[in-house]
>>> print(open('coords-v6.txt').read())   # compact mmCIF, C-alpha atoms
# COMPACT_ATOMS: atom_id res chain seq x y z
CA MET C 8 -26.53 30.33 36.97
CA LYS C 9 -22.95 30.37 35.69
CA ARG C 10 -22.36 26.92 37.17
CA PHE C 11 -25.60 25.65 35.63
CA LEU C 12 -24.60 26.97 32.21
CA SER C 13 -21.13 25.37 32.45
CA LEU C 14 -22.74 22.07 33.44
CA LEU C 15 -25.15 22.36 30.53
CA PHE C 16 -22.26 23.13 28.17
CA LEU C 17 -20.31 20.16 29.54
CA ILE C 18 -23.24 17.78 29.02
CA PHE C 19 -23.91 19.23 25.56
CA SER C 20 -20.25 19.03 24.50
CA GLN C 21 -20.02 15.46 25.81
CA PHE C 22 -23.01 14.59 23.64
CA LEU C 23 -21.68 16.60 20.72
CA PHE C 24 -18.19 15.22 20.72
CA SER C 25 -18.79 11.69 21.86
CA GLU C 26 -18.11 9.02 19.27
CA ASN C 27 -21.25 8.90 17.19
CA GLY C 28 -21.35 5.22 16.33
CA VAL C 29 -18.92 5.56 13.43
CA ILE C 30 -16.65 2.66 12.61
CA TRP C 31 -13.65 3.39 10.41
CA GLN C 32 -12.19 0.88 7.99
CA GLN C 33 -8.42 1.09 7.59
CA VAL C 34 -7.78 0.57 3.88
CA SER C 35 -4.01 1.03 4.03
CA GLY C 36 -1.43 2.51 6.35
CA SER C 37 -1.24 2.00 10.07
CA TRP C 38 -3.77 4.27 11.73
CA LYS C 39 -3.84 4.80 15.49
CA ILE C 40 -5.53 6.90 18.14
CA ASP C 41 -3.59 8.98 20.65
CA LYS C 42 -4.08 11.83 23.07
CA ILE C 43 -1.89 14.76 24.07
CA GLY C 44 -3.25 16.68 27.06
CA GLU C 45 -7.00 16.89 26.59
CA GLU C 46 -6.89 16.60 22.81
CA SER C 47 -7.22 13.20 21.19
CA PHE C 48 -6.47 12.58 17.54
CA LEU C 49 -6.27 10.04 14.75
CA TYR C 50 -2.86 9.61 13.13
CA ASP C 51 -1.00 7.33 10.79
CA ILE C 52 2.51 6.09 11.50
CA ARG C 53 3.31 5.51 7.83
CA THR C 54 4.53 8.17 5.40
CA ASN C 55 4.22 6.40 2.05
CA GLY C 56 1.84 3.74 0.82
CA TYR C 57 2.74 0.72 -1.29
CA LYS C 58 1.80 1.12 -4.94
CA PHE C 59 -0.27 -2.05 -5.24
CA ASN C 60 -2.34 -0.30 -7.93
CA TYR C 61 -5.71 -1.82 -7.11
CA SER C 62 -7.04 1.66 -6.23
CA GLU C 63 -5.89 5.14 -5.29
CA LEU C 64 -6.96 4.34 -1.72
CA ILE C 65 -4.62 1.36 -1.34
CA ASN C 66 -1.77 3.22 -3.06
CA ASN C 67 -1.95 5.92 -0.41
CA ASN C 68 -2.55 5.55 3.33
CA SER C 69 -6.29 5.74 3.68
CA ILE C 70 -9.15 5.29 6.10
CA ARG C 71 -12.85 5.28 5.25
CA THR C 72 -16.15 4.98 7.12
CA LEU C 73 -17.37 1.40 7.15
CA ALA C 74 -21.01 2.41 6.78
CA SER C 75 -22.65 4.56 4.18
CA TYR C 76 -24.22 7.89 5.20
CA LYS C 77 -26.43 10.56 3.72
CA TYR C 78 -24.73 13.93 4.20
CA ASP C 79 -24.44 17.48 2.94
CA ARG C 80 -21.54 18.83 4.99
CA ILE C 81 -18.15 17.52 6.17
CA SER C 82 -15.97 19.36 8.66
CA LEU C 83 -12.59 18.24 9.98
CA LYS C 84 -9.43 19.59 11.53
CA LEU C 85 -6.15 18.15 10.30
CA ASN C 86 -2.43 18.73 10.46
CA ALA C 87 0.00 17.39 7.83
CA TYR C 88 3.65 17.42 8.85
CA ASN C 89 7.09 15.93 8.07
CA PRO C 90 6.59 16.11 4.29
CA VAL C 91 8.90 14.49 1.78
CA SER C 92 9.35 15.82 -1.75
CA GLN C 93 5.96 14.63 -3.08
CA SER C 94 3.26 15.06 -0.50
CA SER C 95 -0.51 14.94 -0.62
CA VAL C 96 -3.58 14.78 1.60
CA ALA C 97 -7.11 14.19 0.35
CA VAL C 98 -10.58 14.26 1.81
CA PHE C 99 -12.73 11.92 -0.24
CA PHE C 100 -16.49 11.45 -0.36
CA ASP C 101 -19.27 10.10 -2.58
CA SER C 102 -17.60 6.69 -2.38
CA PRO C 103 -20.37 4.12 -2.62
CA ALA C 104 -18.97 0.69 -1.69
CA ASP C 105 -16.10 0.22 -4.17
CA TYR C 106 -12.73 1.73 -3.17
CA ARG C 107 -12.16 2.79 -6.78
CA GLU C 108 -15.19 5.09 -6.82
CA PHE C 109 -15.01 8.49 -5.15
CA SER C 110 -14.64 12.25 -5.52
CA ALA C 111 -12.08 14.16 -3.50
CA PHE C 112 -10.31 17.39 -2.78
CA ARG C 113 -6.62 16.58 -2.95
CA PHE C 114 -4.03 18.91 -1.45
CA SER C 115 -0.53 18.41 -2.80
CA GLY C 116 2.72 20.13 -2.25
CA SER C 117 6.46 20.22 -2.14
CA LYS C 118 8.69 19.69 0.87
CA THR C 119 8.04 23.24 2.08
CA GLU C 120 4.32 23.92 1.63
CA ILE C 121 1.01 22.78 0.17
CA THR C 122 0.82 24.42 -3.24
CA LYS C 123 -2.16 22.94 -5.08
CA ILE C 124 -5.76 21.86 -4.55
CA GLN C 125 -7.39 19.55 -7.05
CA TYR C 126 -10.95 18.36 -7.31
CA ILE C 127 -10.57 14.79 -8.56
CA THR C 128 -12.71 11.78 -9.30
CA SER C 129 -11.77 8.11 -9.31
CA ARG C 130 -13.81 5.72 -11.44
CA VAL C 131 -13.60 2.06 -12.45
CA LYS C 132 -12.41 1.87 -16.07
CA ASP C 133 -13.94 -1.48 -17.01
CA THR C 134 -16.67 -2.78 -14.72
CA THR C 135 -16.67 -6.19 -16.41
CA LEU C 136 -13.16 -7.01 -15.18
CA PRO C 137 -12.56 -8.80 -11.85
CA ARG C 138 -11.81 -6.59 -8.85
CA ASP C 139 -8.24 -7.84 -8.50
CA ARG C 140 -7.27 -6.40 -11.91
CA LYS C 141 -4.56 -3.79 -11.37
CA LEU C 142 -4.84 -0.23 -12.70
CA ASN C 143 -8.50 -0.69 -13.56
CA PHE C 144 -9.29 2.77 -12.24
CA GLU C 145 -8.91 6.26 -13.61
CA ILE C 146 -8.18 9.46 -11.71
CA LYS C 147 -9.40 12.63 -13.41
CA THR C 148 -8.62 16.16 -12.29
CA LEU C 149 -11.72 18.24 -12.92
CA GLU C 150 -10.54 21.49 -11.35
CA GLU C 151 -7.28 22.77 -9.94
CA LYS C 152 -6.19 25.81 -7.99
CA THR C 153 -2.84 27.11 -6.75
CA ILE C 154 -2.65 27.89 -3.04
CA SER C 155 -0.11 28.38 -0.29
CA LEU C 156 -0.78 26.48 2.91
CA PRO C 157 1.83 25.70 5.56
CA TYR C 158 2.57 22.21 6.89
CA SER C 159 2.64 21.55 10.62
CA SER C 160 -0.35 23.84 11.18
CA ASN C 161 -3.92 22.92 12.00
CA HIS C 162 -6.33 23.52 9.13
CA ILE C 163 -10.10 23.34 9.29
CA ILE C 164 -11.47 21.80 6.11
CA GLU C 165 -15.14 22.16 5.33
CA ILE C 166 -16.89 20.63 2.34
CA SER C 167 -20.54 21.49 1.69
CA PHE C 168 -22.84 20.06 -0.92
CA LYS C 169 -25.32 22.65 -2.16
CA LYS C 170 -27.70 21.75 -4.98
CA ASN C 171 -25.38 20.76 -7.83
CA ARG C 172 -22.21 22.24 -6.38
CA THR C 173 -19.57 21.14 -3.91
CA VAL C 174 -17.87 23.93 -2.01
CA LEU C 175 -14.50 23.68 -0.28
CA SER C 176 -13.57 26.08 2.51
CA ILE C 177 -10.29 26.12 4.39
CA ASN C 178 -10.04 27.88 7.72
CA GLU C 179 -13.48 29.45 7.11
CA LYS C 180 -12.50 30.88 3.72
CA GLU C 181 -14.18 29.60 0.55
CA ILE C 182 -11.49 28.26 -1.79
CA MET C 183 -13.20 26.30 -4.53
CA SER C 184 -16.71 25.63 -5.80
CA VAL C 185 -17.19 22.83 -8.32
CA GLU C 186 -20.07 21.33 -10.21
CA ASN C 187 -21.15 17.97 -8.83
CA LYS C 188 -24.39 16.80 -10.41
CA ASP C 189 -24.56 13.07 -9.83
CA ARG C 190 -24.08 12.50 -6.15
CA PRO C 191 -25.04 9.10 -4.72
CA GLU C 192 -27.92 9.23 -2.22
CA ALA C 193 -25.65 7.83 0.50
CA SER C 194 -21.98 6.89 0.51
CA GLN C 195 -18.79 6.32 2.47
CA LEU C 196 -16.16 9.00 3.00
CA GLY C 197 -12.71 9.37 4.48
CA ILE C 198 -9.18 10.67 4.14
CA TYR C 199 -5.87 9.60 2.62
CA HIS C 200 -2.34 10.89 2.58
CA THR C 201 1.10 10.08 1.27
CA GLY C 202 4.54 11.65 1.58
CA ASN C 203 3.77 13.17 4.97
CA LEU C 204 2.49 12.31 8.41
CA LEU C 205 -1.08 13.23 9.27
CA LYS C 206 -3.09 13.98 12.38
CA VAL C 207 -6.87 14.45 12.36
CA PHE C 208 -8.40 16.02 15.46
CA TYR C 209 -12.07 15.67 14.63
CA PHE C 210 -14.26 14.52 11.77
CA GLU C 211 -17.84 15.75 11.69
CA VAL C 212 -20.51 15.02 9.12
CA PHE C 213 -23.97 16.57 8.94
CA ASP C 214 -27.16 16.01 7.04
CA GLY C 215 -28.81 19.42 7.21
CA ARG C 216 -28.66 20.30 10.90
CA LYS C 217 -28.58 16.68 11.99
CA PRO C 218 -25.15 15.41 13.08
CA VAL C 219 -24.35 12.14 11.33
CA ILE C 220 -20.76 11.57 12.49
CA MET C 221 -19.22 13.44 15.42
CA ASP C 222 -15.89 11.77 16.04
CA ASN C 223 -13.19 13.44 18.12
CA PHE C 224 -11.18 10.17 18.19
CA SER C 225 -11.42 9.72 21.94
CA THR C 226 -11.97 6.00 21.33
CA ASP C 227 -10.45 3.65 18.80
CA THR C 228 -13.22 2.57 16.43
CA ILE C 229 -10.92 1.55 13.59
CA ARG C 230 -11.56 -1.82 12.00
CA ARG C 231 -8.38 -3.31 10.60
CA SER C 232 -7.98 -6.33 8.38
CA THR C 233 -5.77 -8.53 10.48
CA VAL C 234 -3.18 -11.12 9.69
CA LYS C 235 -1.92 -13.42 12.40
CA ALA C 236 1.61 -14.54 11.77
CA ALA C 237 3.58 -17.30 13.43
CA VAL C 238 7.04 -18.63 12.61
CA GLU C 239 6.07 -22.22 12.01
CA LYS C 240 9.33 -24.00 11.35
CA LYS C 241 12.96 -23.27 10.84
CA GLN C 242 15.36 -25.43 8.95
CA GLN C 243 19.08 -25.02 9.48
CA MET S 5 49.22 -32.30 -0.48
CA LYS S 6 49.30 -28.85 1.15
CA LYS S 7 47.63 -27.41 -1.93
CA SER S 8 44.85 -30.01 -1.77
CA ILE S 9 44.18 -29.26 1.91
CA LEU S 10 44.06 -25.53 1.12
CA ALA S 11 41.66 -26.07 -1.78
CA PHE S 12 39.46 -28.35 0.36
CA SER S 13 39.42 -25.76 3.19
CA ALA S 14 38.42 -23.03 0.73
CA LEU S 15 35.60 -25.24 -0.53
CA LEU S 16 34.41 -25.90 3.01
CA LEU S 17 34.51 -22.16 3.77
CA PHE S 18 32.53 -21.43 0.60
CA ALA S 19 29.93 -24.02 1.53
CA ALA S 20 29.66 -22.59 5.04
CA CYS S 21 29.17 -19.08 3.65
CA GLY S 22 26.50 -20.40 1.29
CA SER S 23 24.44 -21.85 4.15
CA ASP S 24 24.32 -18.46 5.93
CA LYS S 25 21.50 -17.27 3.73
CA THR S 26 18.35 -16.21 5.54
CA GLU S 27 15.34 -17.33 3.59
CA LEU S 28 11.69 -16.67 4.10
CA SER S 29 8.50 -18.13 2.74
CA PHE S 30 4.87 -17.84 3.80
CA LYS S 31 2.27 -20.50 4.40
CA ASN S 32 -1.36 -19.45 4.15
CA SER S 33 -3.17 -21.23 6.97
CA THR S 34 -6.25 -23.35 6.42
CA ASP S 35 -8.05 -20.92 8.79
CA SER S 36 -7.56 -17.99 6.39
CA GLU S 37 -10.64 -16.54 4.73
CA GLY S 38 -9.09 -16.53 1.27
CA PRO S 39 -5.87 -16.38 -0.72
CA ILE S 40 -3.24 -13.76 0.11
CA LYS S 41 -0.98 -11.79 -2.19
CA GLU S 42 1.26 -8.71 -2.34
CA ILE S 43 3.16 -9.92 0.72
CA ILE S 44 5.77 -7.39 1.86
CA TRP S 45 8.46 -8.20 4.39
CA ALA S 46 10.14 -5.56 6.57
CA GLU S 47 9.04 -2.39 4.73
CA GLY S 48 10.04 -3.76 1.34
CA ASP S 49 13.17 -5.79 2.19
CA ALA S 50 11.49 -8.49 0.11
CA ASN S 51 8.16 -8.66 -1.61
CA TRP S 52 6.21 -11.45 -3.24
CA GLY S 53 4.26 -9.16 -5.60
CA GLU S 54 1.31 -10.76 -7.33
CA GLU S 55 2.21 -14.31 -6.27
CA GLU S 56 -1.08 -15.61 -4.87
CA VAL S 57 -0.84 -18.00 -1.94
CA ALA S 58 -3.98 -20.12 -1.57
CA GLU S 59 -5.14 -21.54 1.77
CA ASN S 60 -2.90 -24.39 2.93
CA SER S 61 -0.24 -23.49 0.35
CA VAL S 62 3.31 -22.18 0.73
CA SER S 63 4.77 -19.28 -1.24
CA SER S 64 8.13 -19.31 -3.00
CA SER S 65 11.14 -18.80 -0.75
CA LYS S 66 13.14 -15.56 -0.95
CA GLU S 67 16.44 -14.47 0.50
CA VAL S 68 16.04 -11.59 2.99
CA ASN S 69 18.42 -9.24 4.76
CA GLU S 70 16.25 -8.22 7.70
CA THR S 71 15.51 -10.68 10.50
CA THR S 72 12.87 -8.54 12.21
CA GLY S 73 10.09 -6.67 10.52
CA ARG S 74 6.46 -6.07 9.76
CA ILE S 75 4.53 -8.22 7.33
CA GLU S 76 1.81 -6.73 5.19
CA CYS S 77 -0.33 -8.17 2.46
CA ALA S 78 -3.34 -7.24 0.37
CA VAL S 79 -6.72 -8.74 1.16
CA ASP S 80 -10.11 -8.15 -0.43
CA ASP S 81 -12.29 -6.82 2.39
CA GLY S 82 -15.50 -6.67 0.37
CA SER S 83 -15.09 -3.15 -1.04
CA GLY S 84 -11.80 -3.88 -2.78
CA PHE S 85 -8.22 -4.63 -1.87
CA GLY S 86 -6.93 -3.19 1.36
CA SER S 87 -3.65 -3.63 3.13
CA ALA S 88 -3.77 -6.01 6.10
CA THR S 89 -1.64 -5.43 9.17
CA ILE S 90 0.05 -8.30 10.90
CA ALA S 91 0.12 -9.33 14.51
CA SER S 92 2.65 -11.85 15.76
CA GLU S 93 0.84 -14.73 17.48
CA SER S 94 3.57 -15.12 20.07
CA THR S 95 4.08 -11.45 21.04
CA GLY S 96 0.90 -9.71 19.85
CA THR S 97 3.02 -6.94 18.32
CA GLU S 98 3.29 -5.84 14.69
CA THR S 99 6.79 -7.24 14.26
CA VAL S 100 7.93 -10.78 13.59
CA SER S 101 11.41 -12.14 14.15
CA ILE S 102 12.95 -14.88 12.06
CA ASP S 103 16.20 -16.81 12.47
CA GLU S 104 19.29 -15.57 10.67
CA GLY S 105 20.92 -18.13 8.39
CA SER S 106 17.83 -20.36 8.30
CA SER S 107 14.96 -21.16 6.00
CA ASN S 108 11.97 -19.70 7.80
CA VAL S 109 8.34 -20.43 7.10
CA VAL S 110 5.86 -17.94 8.54
CA THR S 111 2.27 -19.10 8.77
CA ILE S 112 -0.27 -16.40 8.03
CA THR S 113 -3.93 -16.46 9.01
CA ALA S 114 -5.80 -13.67 7.26
CA THR S 115 -9.24 -12.75 8.56
CA LYS S 116 -11.55 -9.84 7.70
>>> encode(input="coords-v6.txt", output="structure tokens")
Amino acid sequence: MKRFLSLLFLIFSQFLFSENGVIWQQVSGSWKIDKIGEESFLYDIRTNGYKFNYSELINNNSIRTLASYKYDRISLKLNAYNPVSQSSVAVFFDSPADYREFSAFRFSGSKTEITKIQYITSRVKDTTLPRDRKLNFEIKTLEEKTISLPYSSNHIIEISFKKNRTVLSINEKEIMSVENKDRPEASQLGIYHTGNLLKVFYFEVFDGRKPVIMDNFSTDTIRRSTVKAAVEKKQQ
Amino acid sequence: MKKSILAFSALLLFAACGSDKTELSFKNSTDSEGPIKEIIWAEGDANWGEEEVAENSVSSSKEVNETTGRIECAVDDGSGFGSATIASESTGTETVSIDEGSSNVVTITATK
């Protein structure tokens, strides 16, 4: 019986944690997949992003789902480490198509700890302008809270969407509940960071009880814009 | 006469030093899927900012200090501008080597 239950659990966990068809789009940074022991994870080898100023996502190191999903709960385990003086990590959602449109919980801190959580939105300032116009986006902080969270520790972040509110819990403790009336029906979501290194151990998304994304990063499903480079000629 | 030889030698030395500059420019291949811009060499050793390089065109040439490094640029992937990673055609790695003291042209093929 015990053996049967373990086998059942194994099959169930394989199903539960197998890559659930999600393809990630690397927006900026250099995201990779690795494994230590039995635990695989997503990580980024870059600390800071380049301030190209087309969007908050390109300015930081970010990764987003390629497809759009309908969801009411996000759960992930992450670890931010090696911070520099200005450090932040954000989980963003409600990002329909355009990189400049999203809502997010942004965790920022000093070199020693994470000290602040902000609920922010990013919106296009002037929709009539071409997409390559710099600084045509606006970040607004709608709510802010002081906290004390250590770096180099695993934190479980859970974001639930209940009626008109979005609730953030960290390590199973409710931290912030914000009003969020105009959610898109379906949208992309992801994470970004700057001023630190980041590991993400799993990223799960649900629509009610239905799992939508169950990625434990055992396989590399990151789509990267690629540039082939060749030294063509050299003149002395 | 001695003075003239010395002055001529100094001039030659100056000219030799001048030719030691390592320069880099980028050609956007005809196989690219669009123009490229915001090219960054070796983690910011040189950057081409908003200079847009159309397909089959060559960027301006800049003096660089690093002879090995990553190349990144911004490309519009359909949802907005994202940063593209490079892969050297000869090695398959994310670093490219150029010749010190030469004018180097690196051909870039950007695909989505």
>>> atom_distance(input="coords-v6.txt", atom1="atom CA of Ile40 of chain S", atom2="atom CA of Ala58 of chain S")
6.6 Å
>>> interface_residues(input="coords-v6.txt", of="chain C", to="chain S", cutoff="8 Å", atoms="all atoms listed in the file", output="PDB file with C-alpha atoms, in the coordinates of the input")
ATOM      1  CA  GLN C  33      -8.420   1.090   7.590  1.00  0.00           C
ATOM      2  CA  VAL C  34      -7.780   0.570   3.880  1.00  0.00           C
ATOM      3  CA  SER C  35      -4.010   1.030   4.030  1.00  0.00           C
ATOM      4  CA  GLY C  36      -1.430   2.510   6.350  1.00  0.00           C
ATOM      5  CA  SER C  37      -1.240   2.000  10.070  1.00  0.00           C
ATOM      6  CA  PHE C  59      -0.270  -2.050  -5.240  1.00  0.00           C
ATOM      7  CA  TYR C  61      -5.710  -1.820  -7.110  1.00  0.00           C
ATOM      8  CA  SER C  62      -7.040   1.660  -6.230  1.00  0.00           C
ATOM      9  CA  ILE C  65      -4.620   1.360  -1.340  1.00  0.00           C
ATOM     10  CA  ALA C 104     -18.970   0.690  -1.690  1.00  0.00           C
ATOM     11  CA  ASP C 105     -16.100   0.220  -4.170  1.00  0.00           C
ATOM     12  CA  TYR C 106     -12.730   1.730  -3.170  1.00  0.00           C
ATOM     13  CA  ARG C 107     -12.160   2.790  -6.780  1.00  0.00           C
ATOM     14  CA  ARG C 138     -11.810  -6.590  -8.850  1.00  0.00           C
ATOM     15  CA  ASP C 139      -8.240  -7.840  -8.500  1.00  0.00           C
ATOM     16  CA  ARG C 231      -8.380  -3.310  10.600  1.00  0.00           C
ATOM     17  CA  SER C 232      -7.980  -6.330   8.380  1.00  0.00           C
ATOM     18  CA  THR C 233      -5.770  -8.530  10.480  1.00  0.00           C
ATOM     19  CA  VAL C 234      -3.180 -11.120   9.690  1.00  0.00           C
ATOM     20  CA  LYS C 235      -1.920 -13.420  12.400  1.00  0.00           C
ATOM     21  CA  ALA C 236       1.610 -14.540  11.770  1.00  0.00           C
ATOM     22  CA  ALA C 237       3.580 -17.300  13.430  1.00  0.00           C
ATOM     23  CA  VAL C 238       7.040 -18.630  12.610  1.00  0.00           C
ATOM     24  CA  GLU C 239       6.070 -22.220  12.010  1.00  0.00           C
ATOM     25  CA  LYS C 240       9.330 -24.000  11.350  1.00  0.00           C
ATOM     26  CA  LYS C 241      12.960 -23.270  10.840  1.00  0.00           C
ATOM     27  CA  GLN C 242      15.360 -25.430   8.950  1.00  0.00           C
ATOM     28  CA  GLN C 243      19.080 -25.020   9.480  1.00  0.00           C
TER      29      GLN C 243
END
>>> atom_distance(input="coords-v6.txt", atom1="atom CA of Lys147 of chain C", atom2="atom CA of Ile52 of chain C")
28.4 Å
>>> residues_around(input="coords-v6.txt", residues="Ile166 of chain C", least_positions_apart="6", cutoff="6 Å", atoms="only C-alpha atoms", output="PDB file with C-alpha atoms, in the frame of the given file")
ATOM      1  CA  ARG C  80     -21.540  18.830   4.990  1.00  0.00           C
ATOM      2  CA  ILE C  81     -18.150  17.520   6.170  1.00  0.00           C
ATOM      3  CA  VAL C 174     -17.870  23.930  -2.010  1.00  0.00           C
ATOM      4  CA  LEU C 175     -14.500  23.680  -0.280  1.00  0.00           C
TER       5      LEU C 175
END
>>> atom_distance(input="coords-v6.txt", atom1="atom CA of Asp214 of chain C", atom2="atom CA of Phe168 of chain C")
9.9 Å
>>> closest_residue(input="coords-v6.txt", among="C:Asn178, C:Met183, C:Val29, C:Arg53", to="Arg113 of chain C", atoms="only C-alpha atoms")
C:Met183
>>> closest_residue(input="coords-v6.txt", among="C:Ser75, C:Asn68, C:Ser82, C:Ser47", to="Phe224 of chain C", atoms="all atoms listed in the file")
C:Ser47
